[in-house]
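Here is upload.pdb, consisting of PDB, C-alpha atoms, pLDDT in the B column:
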```
ATOM      1  CA  LEU A 602     127.234 130.014  55.403  1.00 34.00           C
ATOM      2  CA  THR A 603     126.276 126.650  56.826  1.00 36.00           C
ATOM      3  CA  MET A 604     129.824 126.038  58.045  1.00 39.00           C
ATOM      4  CA  LEU A 605     129.956 129.513  59.578  1.00 36.00           C
ATOM      5  CA  MET A 606     126.677 128.943  61.414  1.00 34.00           C
ATOM      6  CA  ARG A 607     127.863 125.592  62.729  1.00 43.00           C
ATOM      7  CA  SER A 608     131.076 127.181  63.951  1.00 44.00           C
ATOM      8  CA  PHE A 609     129.132 129.987  65.624  1.00 36.00           C
ATOM      9  CA  LEU A 610     126.728 127.600  67.371  1.00 39.00           C
ATOM     10  CA  SER A 611     129.573 125.347  68.475  1.00 45.00           C
ATOM     11  CA  ASN A 612     131.577 128.238  69.895  1.00 46.00           C
ATOM     12  CA  THR A 613     128.482 129.719  71.551  1.00 40.00           C
ATOM     13  CA  SER A 614     127.709 126.385  73.192  1.00 42.00           C
ATOM     14  CA  ARG A 615     131.280 126.062  74.454  1.00 44.00           C
ATOM     15  CA  ARG A 616     131.288 129.598  75.853  1.00 40.00           C
ATOM     16  CA  SER A 617     127.926 129.074  77.541  1.00 37.00           C
ATOM     17  CA  SER A 618     129.034 125.737  78.942  1.00 37.00           C
ATOM     18  CA  ARG A 619     132.181 127.231  80.434  1.00 37.00           C
ATOM     19  CA  SER A 620     130.222 130.042  82.045  1.00 32.00           C
ATOM     20  CA  MET A 621     127.935 127.578  83.827  1.00 36.00           C
ATOM     21  CA  LEU A 622     130.422 124.912  84.839  1.00 37.00           C
ATOM     22  CA  GLY A 623     131.988 126.282  87.973  1.00 36.00           C
ATOM     23  CA  VAL A 624     135.341 124.737  87.084  1.00 36.00           C
ATOM     24  CA  GLY A 625     136.862 122.877  90.011  1.00 38.00           C
ATOM     25  CA  ASN A 626     133.520 122.469  91.782  1.00 50.00           C
ATOM     26  CA  ARG A 627     132.280 119.356  90.018  1.00 57.00           C
ATOM     27  CA  SER A 628     130.861 116.951  92.561  1.00 69.00           C
ATOM     28  CA  ILE A 629     131.832 113.819  90.651  1.00 84.00           C
ATOM     29  CA  SER A 630     135.493 112.879  90.438  1.00 89.00           C
ATOM     30  CA  THR A 631     137.622 109.765  90.791  1.00 92.00           C
ATOM     31  CA  GLY A 632     136.967 108.285  94.220  1.00 93.00           C
ATOM     32  CA  THR A 633     133.468 109.717  94.649  1.00 91.00           C
ATOM     33  CA  ASP A 634     131.011 107.257  96.190  1.00 92.00           C
ATOM     34  CA  LEU A 635     127.838 107.917  94.216  1.00 92.00           C
ATOM     35  CA  THR A 636     125.711 105.859  96.576  1.00 90.00           C
ATOM     36  CA  LYS A 637     126.635 108.012  99.570  1.00 86.00           C
ATOM     37  CA  THR A 638     126.911 111.509  98.146  1.00 71.00           C
ATOM     38  CA  ILE A 639     124.069 111.762  95.637  1.00 74.00           C
ATOM     39  CA  TYR A 640     120.431 111.461  96.615  1.00 77.00           C
ATOM     40  CA  THR A 641     118.741 112.481  93.378  1.00 87.00           C
ATOM     41  CA  SER A 642     117.182 109.650  91.390  1.00 94.00           C
ATOM     42  CA  LEU A 643     116.978 109.247  87.631  1.00 97.00           C
ATOM     43  CA  GLN A 644     114.067 107.970  85.563  1.00 98.00           C
ATOM     44  CA  LEU A 645     114.164 104.687  83.693  1.00 98.00           C
ATOM     45  CA  ALA A 646     113.465 105.175  79.987  1.00 98.00           C
ATOM     46  CA  ARG A 647     110.073 103.786  79.042  1.00 98.00           C
ATOM     47  CA  PRO A 648     107.183 104.112  76.605  1.00 98.00           C
ATOM     48  CA  TRP A 649     104.011 105.916  77.627  1.00 98.00           C
ATOM     49  CA  TYR A 650     101.686 103.309  79.095  1.00 97.00           C
ATOM     50  CA  ASN A 651      98.016 103.630  78.159  1.00 97.00           C
ATOM     51  CA  ASN A 652      96.732 101.706  81.161  1.00 97.00           C
ATOM     52  CA  ASP A 653      97.890 100.203  84.441  1.00 94.00           C
ATOM     53  CA  THR A 654      98.107  96.761  82.890  1.00 96.00           C
ATOM     54  CA  GLU A 655     100.875  97.946  80.540  1.00 97.00           C
ATOM     55  CA  GLY A 656     102.801  99.688  83.300  1.00 97.00           C
ATOM     56  CA  SER A 657     103.045 102.803  85.451  1.00 97.00           C
ATOM     57  CA  ASN A 658     103.865 106.283  84.172  1.00 97.00           C
ATOM     58  CA  LEU A 659     104.399 107.611  87.689  1.00 97.00           C
ATOM     59  CA  ALA A 660     107.856 108.966  88.421  1.00 96.00           C
ATOM     60  CA  GLU A 661     107.970 107.335  91.843  1.00 96.00           C
ATOM     61  CA  ASP A 662     107.409 103.905  90.310  1.00 97.00           C
ATOM     62  CA  ASN A 663     110.250 104.345  87.827  1.00 97.00           C
ATOM     63  CA  ALA A 664     112.831 106.111  89.990  1.00 97.00           C
ATOM     64  CA  GLN A 665     116.352 104.747  89.814  1.00 96.00           C
ATOM     65  CA  THR A 666     118.392 105.699  92.868  1.00 95.00           C
ATOM     66  CA  MET A 667     122.177 105.786  92.862  1.00 94.00           C
ATOM     67  CA  THR A 668     122.141 102.642  94.995  1.00 95.00           C
ATOM     68  CA  THR A 669     119.876 100.869  92.506  1.00 95.00           C
ATOM     69  CA  LEU A 670     122.070 101.878  89.588  1.00 96.00           C
ATOM     70  CA  PHE A 671     125.550 101.424  91.038  1.00 96.00           C
ATOM     71  CA  ALA A 672     125.719  99.381  94.252  1.00 96.00           C
ATOM     72  CA  GLY A 673     127.319  95.947  93.969  1.00 96.00           C
ATOM     73  CA  LYS A 674     128.117  96.181  90.263  1.00 97.00           C
ATOM     74  CA  THR A 675     130.507  97.643  87.714  1.00 98.00           C
ATOM     75  CA  VAL A 676     128.872 100.265  85.520  1.00 98.00           C
ATOM     76  CA  ALA A 677     130.017 102.085  82.383  1.00 98.00           C
ATOM     77  CA  MET A 678     127.972 105.284  82.137  1.00 98.00           C
ATOM     78  CA  PHE A 679     128.021 107.824  79.341  1.00 98.00           C
ATOM     79  CA  GLY A 680     126.092 111.066  79.215  1.00 98.00           C
ATOM     80  CA  VAL A 681     124.877 112.866  76.110  1.00 98.00           C
ATOM     81  CA  PRO A 682     123.367 116.350  75.793  1.00 97.00           C
ATOM     82  CA  ALA A 683     120.106 115.285  74.151  1.00 97.00           C
ATOM     83  CA  PRO A 684     118.359 112.393  72.418  1.00 97.00           C
ATOM     84  CA  PHE A 685     117.787 112.476  68.651  1.00 98.00           C
ATOM     85  CA  THR A 686     120.641 114.955  68.076  1.00 96.00           C
ATOM     86  CA  GLY A 687     123.430 114.458  65.557  1.00 96.00           C
ATOM     87  CA  THR A 688     126.605 113.725  67.496  1.00 96.00           C
ATOM     88  CA  CYS A 689     124.746 111.792  70.191  1.00 98.00           C
ATOM     89  CA  THR A 690     123.012 109.582  67.634  1.00 98.00           C
ATOM     90  CA  HIS A 691     125.705 109.128  65.012  1.00 97.00           C
ATOM     91  CA  ALA A 692     128.978 109.373  66.945  1.00 98.00           C
ATOM     92  CA  HIS A 693     128.624 108.825  70.697  1.00 98.00           C
ATOM     93  CA  PHE A 694     126.082 106.007  71.031  1.00 98.00           C
ATOM     94  CA  PRO A 695     127.042 103.601  68.174  1.00 98.00           C
ATOM     95  CA  PRO A 696     130.482 102.585  69.570  1.00 98.00           C
ATOM     96  CA  TYR A 697     128.879 101.682  72.892  1.00 98.00           C
ATOM     97  CA  GLN A 698     126.296  99.622  71.045  1.00 98.00           C
ATOM     98  CA  GLN A 699     129.006  97.917  69.003  1.00 98.00           C
ATOM     99  CA  ASN A 700     131.216  97.248  72.038  1.00 98.00           C
ATOM    100  CA  ALA A 701     128.528  96.105  74.473  1.00 98.00           C
ATOM    101  CA  SER A 702     129.833  92.528  74.459  1.00 98.00           C
ATOM    102  CA  ALA A 703     133.410  93.731  74.936  1.00 98.00           C
ATOM    103  CA  PHE A 704     132.380  95.702  78.011  1.00 98.00           C
ATOM    104  CA  LYS A 705     130.611  92.668  79.451  1.00 98.00           C
ATOM    105  CA  ALA A 706     133.709  90.539  78.763  1.00 98.00           C
ATOM    106  CA  VAL A 707     135.803  92.731  81.074  1.00 98.00           C
ATOM    107  CA  GLY A 708     133.388  92.649  83.971  1.00 97.00           C
ATOM    108  CA  VAL A 709     131.027  95.529  83.222  1.00 98.00           C
ATOM    109  CA  ASP A 710     127.576  94.566  84.475  1.00 98.00           C
ATOM    110  CA  THR A 711     125.646  97.532  83.135  1.00 98.00           C
ATOM    111  CA  ILE A 712     126.086 100.165  80.445  1.00 98.00           C
ATOM    112  CA  LEU A 713     124.062 103.302  81.168  1.00 98.00           C
ATOM    113  CA  CYS A 714     123.162 106.024  78.694  1.00 98.00           C
ATOM    114  CA  TYR A 715     122.163 109.246  80.479  1.00 98.00           C
ATOM    115  CA  SER A 716     120.679 112.492  79.242  1.00 98.00           C
ATOM    116  CA  VAL A 717     118.689 115.472  80.452  1.00 97.00           C
ATOM    117  CA  SER A 718     115.369 114.568  78.916  1.00 97.00           C
ATOM    118  CA  ASP A 719     112.076 112.903  79.657  1.00 97.00           C
ATOM    119  CA  PRO A 720     112.004 109.097  79.880  1.00 98.00           C
ATOM    120  CA  TYR A 721     109.642 108.763  76.928  1.00 98.00           C
ATOM    121  CA  ALA A 722     111.900 110.604  74.504  1.00 98.00           C
ATOM    122  CA  MET A 723     114.839 108.539  75.744  1.00 98.00           C
ATOM    123  CA  HIS A 724     112.930 105.317  75.114  1.00 98.00           C
ATOM    124  CA  GLY A 725     111.845 106.476  71.674  1.00 98.00           C
ATOM    125  CA  TRP A 726     115.403 107.449  70.790  1.00 98.00           C
ATOM    126  CA  ALA A 727     116.835 104.158  72.026  1.00 98.00           C
ATOM    127  CA  THR A 728     114.213 102.234  70.073  1.00 98.00           C
ATOM    128  CA  SER A 729     114.909 104.231  66.909  1.00 98.00           C
ATOM    129  CA  MET A 730     118.569 103.171  67.139  1.00 98.00           C
ATOM    130  CA  GLU A 731     117.573  99.511  67.621  1.00 98.00           C
ATOM    131  CA  ASN A 732     119.078  99.450  71.083  1.00 98.00           C
ATOM    132  CA  ASN A 733     119.053  96.164  72.941  1.00 98.00           C
ATOM    133  CA  PHE A 734     117.885  97.163  76.415  1.00 97.00           C
ATOM    134  CA  ASP A 735     119.594  94.091  77.836  1.00 97.00           C
ATOM    135  CA  ASP A 736     122.883  95.646  76.692  1.00 97.00           C
ATOM    136  CA  ILE A 737     122.368  99.347  77.384  1.00 98.00           C
ATOM    137  CA  THR A 738     119.981 100.900  79.902  1.00 98.00           C
ATOM    138  CA  PHE A 739     118.711 104.413  79.191  1.00 98.00           C
ATOM    139  CA  VAL A 740     117.974 106.827  82.034  1.00 98.00           C
ATOM    140  CA  ALA A 741     116.559 110.351  81.984  1.00 98.00           C
ATOM    141  CA  ASP A 742     117.351 113.342  84.178  1.00 97.00           C
ATOM    142  CA  THR A 743     114.083 115.257  84.086  1.00 95.00           C
ATOM    143  CA  GLY A 744     114.547 118.947  84.812  1.00 90.00           C
ATOM    144  CA  ALA A 745     118.358 118.630  84.723  1.00 93.00           C
ATOM    145  CA  VAL A 746     118.326 118.199  88.508  1.00 91.00           C
ATOM    146  CA  TRP A 747     121.122 115.628  88.575  1.00 93.00           C
ATOM    147  CA  ALA A 748     123.229 117.611  86.100  1.00 93.00           C
ATOM    148  CA  LYS A 749     122.874 120.762  88.176  1.00 91.00           C
ATOM    149  CA  GLU A 750     123.773 118.985  91.394  1.00 88.00           C
ATOM    150  CA  GLN A 751     126.924 117.557  89.824  1.00 89.00           C
ATOM    151  CA  ASP A 752     127.839 120.864  88.158  1.00 90.00           C
ATOM    152  CA  LEU A 753     127.675 119.217  84.753  1.00 94.00           C
ATOM    153  CA  MET A 754     125.293 121.738  83.226  1.00 92.00           C
ATOM    154  CA  ALA A 755     125.703 123.145  79.756  1.00 92.00           C
ATOM    155  CA  ASP A 756     123.574 125.817  78.088  1.00 92.00           C
ATOM    156  CA  TYR A 757     122.535 124.791  74.576  1.00 92.00           C
ATOM    157  CA  ALA A 758     119.994 127.584  74.130  1.00 93.00           C
ATOM    158  CA  ALA A 759     121.711 128.575  70.876  1.00 94.00           C
ATOM    159  CA  VAL A 760     120.371 125.375  69.315  1.00 93.00           C
ATOM    160  CA  SER A 761     117.022 125.442  71.165  1.00 93.00           C
ATOM    161  CA  LEU A 762     117.931 122.777  73.715  1.00 93.00           C
ATOM    162  CA  SER A 763     118.098 125.006  76.817  1.00 91.00           C
ATOM    163  CA  VAL A 764     119.967 123.628  79.845  1.00 92.00           C
ATOM    164  CA  ARG A 765     121.370 120.156  79.359  1.00 94.00           C
ATOM    165  CA  SER A 766     124.307 118.080  80.558  1.00 96.00           C
ATOM    166  CA  GLN A 767     127.822 118.151  79.269  1.00 96.00           C
ATOM    167  CA  ARG A 768     128.972 115.090  77.377  1.00 97.00           C
ATOM    168  CA  PHE A 769     130.813 112.738  79.735  1.00 97.00           C
ATOM    169  CA  SER A 770     131.587 109.156  80.634  1.00 98.00           C
ATOM    170  CA  MET A 771     132.627 107.358  83.788  1.00 98.00           C
ATOM    171  CA  LEU A 772     133.429 103.910  85.102  1.00 98.00           C
ATOM    172  CA  VAL A 773     131.910 103.050  88.465  1.00 98.00           C
ATOM    173  CA  GLN A 774     132.630 100.012  90.635  1.00 97.00           C
ATOM    174  CA  ASN A 775     130.278  99.322  93.551  1.00 96.00           C
ATOM    175  CA  GLY A 776     129.322 102.983  93.643  1.00 95.00           C
ATOM    176  CA  ILE A 777     132.903 104.312  93.532  1.00 96.00           C
ATOM    177  CA  VAL A 778     133.927 106.374  90.513  1.00 96.00           C
ATOM    178  CA  LYS A 779     137.078 104.773  89.073  1.00 97.00           C
ATOM    179  CA  SER A 780     137.482 107.097  86.090  1.00 97.00           C
ATOM    180  CA  PHE A 781     135.693 110.182  84.792  1.00 97.00           C
ATOM    181  CA  HIS A 782     135.969 111.927  81.411  1.00 96.00           C
ATOM    182  CA  LEU A 783     134.495 115.119  80.029  1.00 95.00           C
ATOM    183  CA  VAL A 784     134.107 114.457  76.315  1.00 96.00           C
ATOM    184  CA  LYS A 785     134.886 117.699  74.526  1.00 91.00           C
ATOM    185  CA  ASP A 786     135.687 116.305  71.092  1.00 90.00           C
ATOM    186  CA  ASN A 787     135.844 112.955  69.316  1.00 94.00           C
ATOM    187  CA  ALA A 788     132.710 111.513  70.879  1.00 98.00           C
ATOM    188  CA  GLU A 789     133.118 108.490  68.628  1.00 98.00           C
ATOM    189  CA  LYS A 790     136.283 107.551  70.564  1.00 98.00           C
ATOM    190  CA  ASP A 791     134.763 107.779  74.029  1.00 98.00           C
ATOM    191  CA  ALA A 792     133.591 104.162  74.196  1.00 98.00           C
ATOM    192  CA  THR A 793     137.109 102.990  73.355  1.00 98.00           C
ATOM    193  CA  VAL A 794     138.576 105.147  76.130  1.00 98.00           C
ATOM    194  CA  LEU A 795     136.118 103.860  78.723  1.00 98.00           C
ATOM    195  CA  LEU A 796     136.566 100.282  77.538  1.00 98.00           C
ATOM    196  CA  GLU A 797     140.311 100.669  78.126  1.00 98.00           C
ATOM    197  CA  ASP A 798     139.546 101.906  81.656  1.00 98.00           C
ATOM    198  CA  ALA A 799     137.289  98.917  82.237  1.00 98.00           C
ATOM    199  CA  THR A 800     139.908  96.520  80.912  1.00 98.00           C
ATOM    200  CA  LYS A 801     142.580  97.921  83.240  1.00 97.00           C
ATOM    201  CA  LEU A 802     140.217  97.716  86.202  1.00 96.00           C
ATOM    202  CA  PHE A 803     139.291  94.129  85.317  1.00 96.00           C
ATOM    203  CA  GLU A 804     142.935  93.123  85.003  1.00 95.00           C
ATOM    204  CA  ALA A 805     143.837  94.794  88.288  1.00 94.00           C
ATOM    205  CA  THR A 806     140.908  93.174  90.067  1.00 87.00           C
ATOM    206  CA  THR A 807     141.538  89.673  88.723  1.00 87.00           C
ATOM    207  CA  SER A 808     145.302  89.806  89.329  1.00 83.00           C
ATOM    208  CA  SER A 809     144.776  90.696  92.978  1.00 76.00           C
ATOM    209  CA  LYS A 810     142.658  87.606  93.638  1.00 66.00           C
TER
END
```
Is it possible to give me this structure as structure tokens?
Amino acid sequence: LTMLMRSFLSNTSRRSSRSMLGVGNRSISTGTDLTKTIYTSLQLARPWYNNDTEGSNLAEDNAQTMTTLFAGKTVAMFGVPAPFTGTCTHAHFPPYQQNASAFKAVGVDTILCYSVSDPYAMHGWATSMENNFDDITFVADTGAVWAKEQDLMADYAAVSLSVRSQRFSMLVQNGIVKSFHLVKDNAEKDATVLLEDATKLFEATTSSK
């Protein structure tokens, strides 16, 4: 019964995702300049501050624009449907954590973990996985605004998660998307795929100098 339920929920999620995607209309693709085409900001993951001395809880003080996140640097970004969920926690995130040094070695300045969530849940999730915030930065898309704008929505209502983002990854150099992947299966292999993209970009960049 458990296996049947899992199969049902998985198939329901896939059907719902397909119905919301608007295939062929995705805003992000190879060559997209994120700093010039996207004006929505994301929220930096953080704990809830109890006073102004600890920090600000205001969204405007923690907004991360596309220019802030991507301009003048090489960024490996991966998106997960939700914090604290099974595949995201046990399959998608760990290889990025394990390969953080390898990404840095091939010229990646920042690794970003994105999800439709609030910044406090993202911080709590990252902390629970013993994330080193110097290695991987967590950002939250509150209200799924960014996901909707990029046509990356997925409906996970069948598992009580409502509208979220599809699972994806992309390599961005100075705001320009160099590679983009929708991760349908084998989330545990995504970091390896993006690391290969980063390695090829690094080799191409260094050989041209």
When the PyMOL selection byres ((chain A and resi 799) around 8) is applied to the file above, which residues end up in the set, as a list in words?
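Residues picked by the PyMOL selection byres ((chain A and resi 799) around 8): Ala677, Phe704, Val707, Gly708, Val709, Leu772, Leu795, Leu796, Glu797, Asp798, Thr800, Lys801, Leu802 and Phe803 of chain A.
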For atom CA of A:Thr668 and atom CA of A:Gly776, determine how far apart the two atoms are, in Å to one decimal place.
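Those two atoms sit 7.3 Å apart.
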Could you pull the residues within 12 Å of A:Glu731, counting only C-alpha atoms, minus those fewer than 3 positions along the same chain, as an MDAnalysis selection string?
chainID A and resid 690 694:695 698:699 724:728 734:737
Closest of A:Phe781, A:Phe685, A:Tyr650, A:Phe679 to A:Met723 - atom-to-atom distances counting only C-alpha atoms:
A:Phe685
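Nearest to A:Thr743 of all the residues A:Thr631, A:Ser718, A:Ser766, A:Ser729 is A:Ser718, based on only C-alpha atoms.
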Of the residues A:Val746, A:Leu635, A:Glu789, A:Pro682, which is the one nearest to A:Ala758, using all atoms listed in the file?
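For A:Ala758, the nearest of the given residues is A:Pro682.
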Could you state which residues are captured by the PyMOL selection byres ((chain A and resi 785) around 9) in this file, as a PyMOL selection string?
chain A and resi 767-769+783-784+786-788
When distances are computed from only C-alpha atoms, which of A:Ala664, A:Ala672, A:Ser642, A:Arg647 shows the smallest separation from A:Asn775?
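Smallest separation from A:Asn775 among the options: A:Ala672.
Candidate residues A:Met678, A:Gly656, A:Glu661, A:Leu645 were compared for distance to A:Lys779, and the nearest is A:Met678, using all atoms listed in the file.
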At most 7 Å from (123.8, 109.5, 79.6), file frame, only C-alpha atoms: which residues, as JSON, numbers by chain?
{"A": [678, 679, 680, 681, 713, 714, 715, 716, 740]}
What's the 9 Å shell around A:Phe671, counting all atoms listed in the file, without same-chain residues fewer than 4 positions away, as a PyMOL selection string?
chain A and resi 635-636+666-667+675-676+711+773-777
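The closest residue to A:Pro648, picked from A:Tyr721, A:Lys749, A:Asn732, A:Ala703 and counting only C-alpha atoms, is A:Tyr721.
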Correct to one decimal, the distance atom CA of A:Ala683-atom CA of A:Arg765 is 7.2 Å
Mind giving me the straight-line distance from atom CA of A:Gly673 to atom CA of A:Asp634 in Å, one decimal?
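Computing the Euclidean distance for atom CA of A:Gly673 and atom CA of A:Asp634 yields 12.1 Å.
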Let me know the centre plus edge lengths, in Å and rounded to one decimal, of a box with edges along x, y and z that contains all listed atoms of stretch 769-781 of chain A and is padded by 8 Å on every side, as lines of an AutoDock Vina configuration file.
```
center_x = 133.4
center_y = 106.0
center_z = 86.7
size_x = 24.2
size_y = 29.4
size_z = 29.9
```
Please supply stretch 643-663 of chain A, rebuilt with N, CA, C and O atoms, as a compact mmCIF listing (two decimals), in the coordinates of the input.
```
# COMPACT_ATOMS: atom_id res chain seq x y z
N LEU A 643 117.20 109.06 89.06
CA LEU A 643 116.98 109.25 87.63
C LEU A 643 115.77 108.40 87.22
O LEU A 643 115.34 107.52 87.96
N GLN A 644 115.25 108.68 86.05
CA GLN A 644 114.07 107.97 85.56
C GLN A 644 114.45 106.93 84.50
O GLN A 644 115.19 107.23 83.57
N LEU A 645 113.93 105.74 84.67
CA LEU A 645 114.16 104.69 83.69
C LEU A 645 113.42 105.01 82.40
O LEU A 645 112.23 105.38 82.43
N ALA A 646 114.10 104.92 81.27
CA ALA A 646 113.46 105.18 79.99
C ALA A 646 112.34 104.17 79.76
O ALA A 646 112.48 102.98 80.06
N ARG A 647 111.23 104.65 79.23
CA ARG A 647 110.07 103.79 79.04
C ARG A 647 109.10 104.39 78.04
O ARG A 647 109.11 105.61 77.82
N PRO A 648 108.24 103.56 77.46
CA PRO A 648 107.18 104.11 76.60
C PRO A 648 106.07 104.67 77.47
O PRO A 648 106.03 104.42 78.69
N TRP A 649 105.17 105.44 76.88
CA TRP A 649 104.01 105.92 77.63
C TRP A 649 103.00 104.78 77.69
O TRP A 649 102.58 104.24 76.67
N TYR A 650 102.63 104.40 78.91
CA TYR A 650 101.69 103.31 79.10
C TYR A 650 100.26 103.84 79.07
O TYR A 650 99.93 104.83 79.72
N ASN A 651 99.40 103.17 78.32
CA ASN A 651 98.02 103.63 78.16
C ASN A 651 97.10 103.15 79.26
O ASN A 651 95.97 103.65 79.40
N ASN A 652 97.54 102.18 80.04
CA ASN A 652 96.73 101.71 81.16
C ASN A 652 97.65 101.05 82.19
O ASN A 652 98.83 100.78 81.92
N ASP A 653 97.09 100.77 83.35
CA ASP A 653 97.89 100.20 84.44
C ASP A 653 98.38 98.79 84.14
O ASP A 653 99.37 98.34 84.71
N THR A 654 97.69 98.11 83.25
CA THR A 654 98.11 96.76 82.89
C THR A 654 99.44 96.80 82.15
O THR A 654 100.30 95.93 82.34
N GLU A 655 99.62 97.80 81.29
CA GLU A 655 100.88 97.95 80.54
C GLU A 655 102.03 98.35 81.45
O GLU A 655 103.16 97.89 81.27
N GLY A 656 101.75 99.21 82.41
CA GLY A 656 102.80 99.69 83.30
C GLY A 656 102.43 101.02 83.91
O GLY A 656 101.37 101.59 83.62
N SER A 657 103.30 101.54 84.77
CA SER A 657 103.04 102.80 85.45
C SER A 657 103.84 103.94 84.82
O SER A 657 105.03 103.78 84.51
N ASN A 658 103.19 105.08 84.66
CA ASN A 658 103.86 106.28 84.17
C ASN A 658 104.36 107.17 85.32
O ASN A 658 105.01 108.18 85.08
N LEU A 659 104.04 106.79 86.54
CA LEU A 659 104.40 107.61 87.69
C LEU A 659 105.91 107.62 87.91
O LEU A 659 106.57 106.58 87.88
N ALA A 660 106.42 108.81 88.20
CA ALA A 660 107.86 108.97 88.42
C ALA A 660 108.33 108.12 89.59
O ALA A 660 109.39 107.50 89.53
N GLU A 661 107.55 108.07 90.66
CA GLU A 661 107.97 107.34 91.84
C GLU A 661 108.10 105.84 91.58
O GLU A 661 108.88 105.15 92.24
N ASP A 662 107.35 105.34 90.62
CA ASP A 662 107.41 103.90 90.31
C ASP A 662 108.57 103.57 89.38
O ASP A 662 108.88 102.38 89.19
N ASN A 663 109.17 104.57 88.80
CA ASN A 663 110.25 104.34 87.83
C ASN A 663 111.56 105.00 88.24
O ASN A 663 112.48 105.11 87.44
```
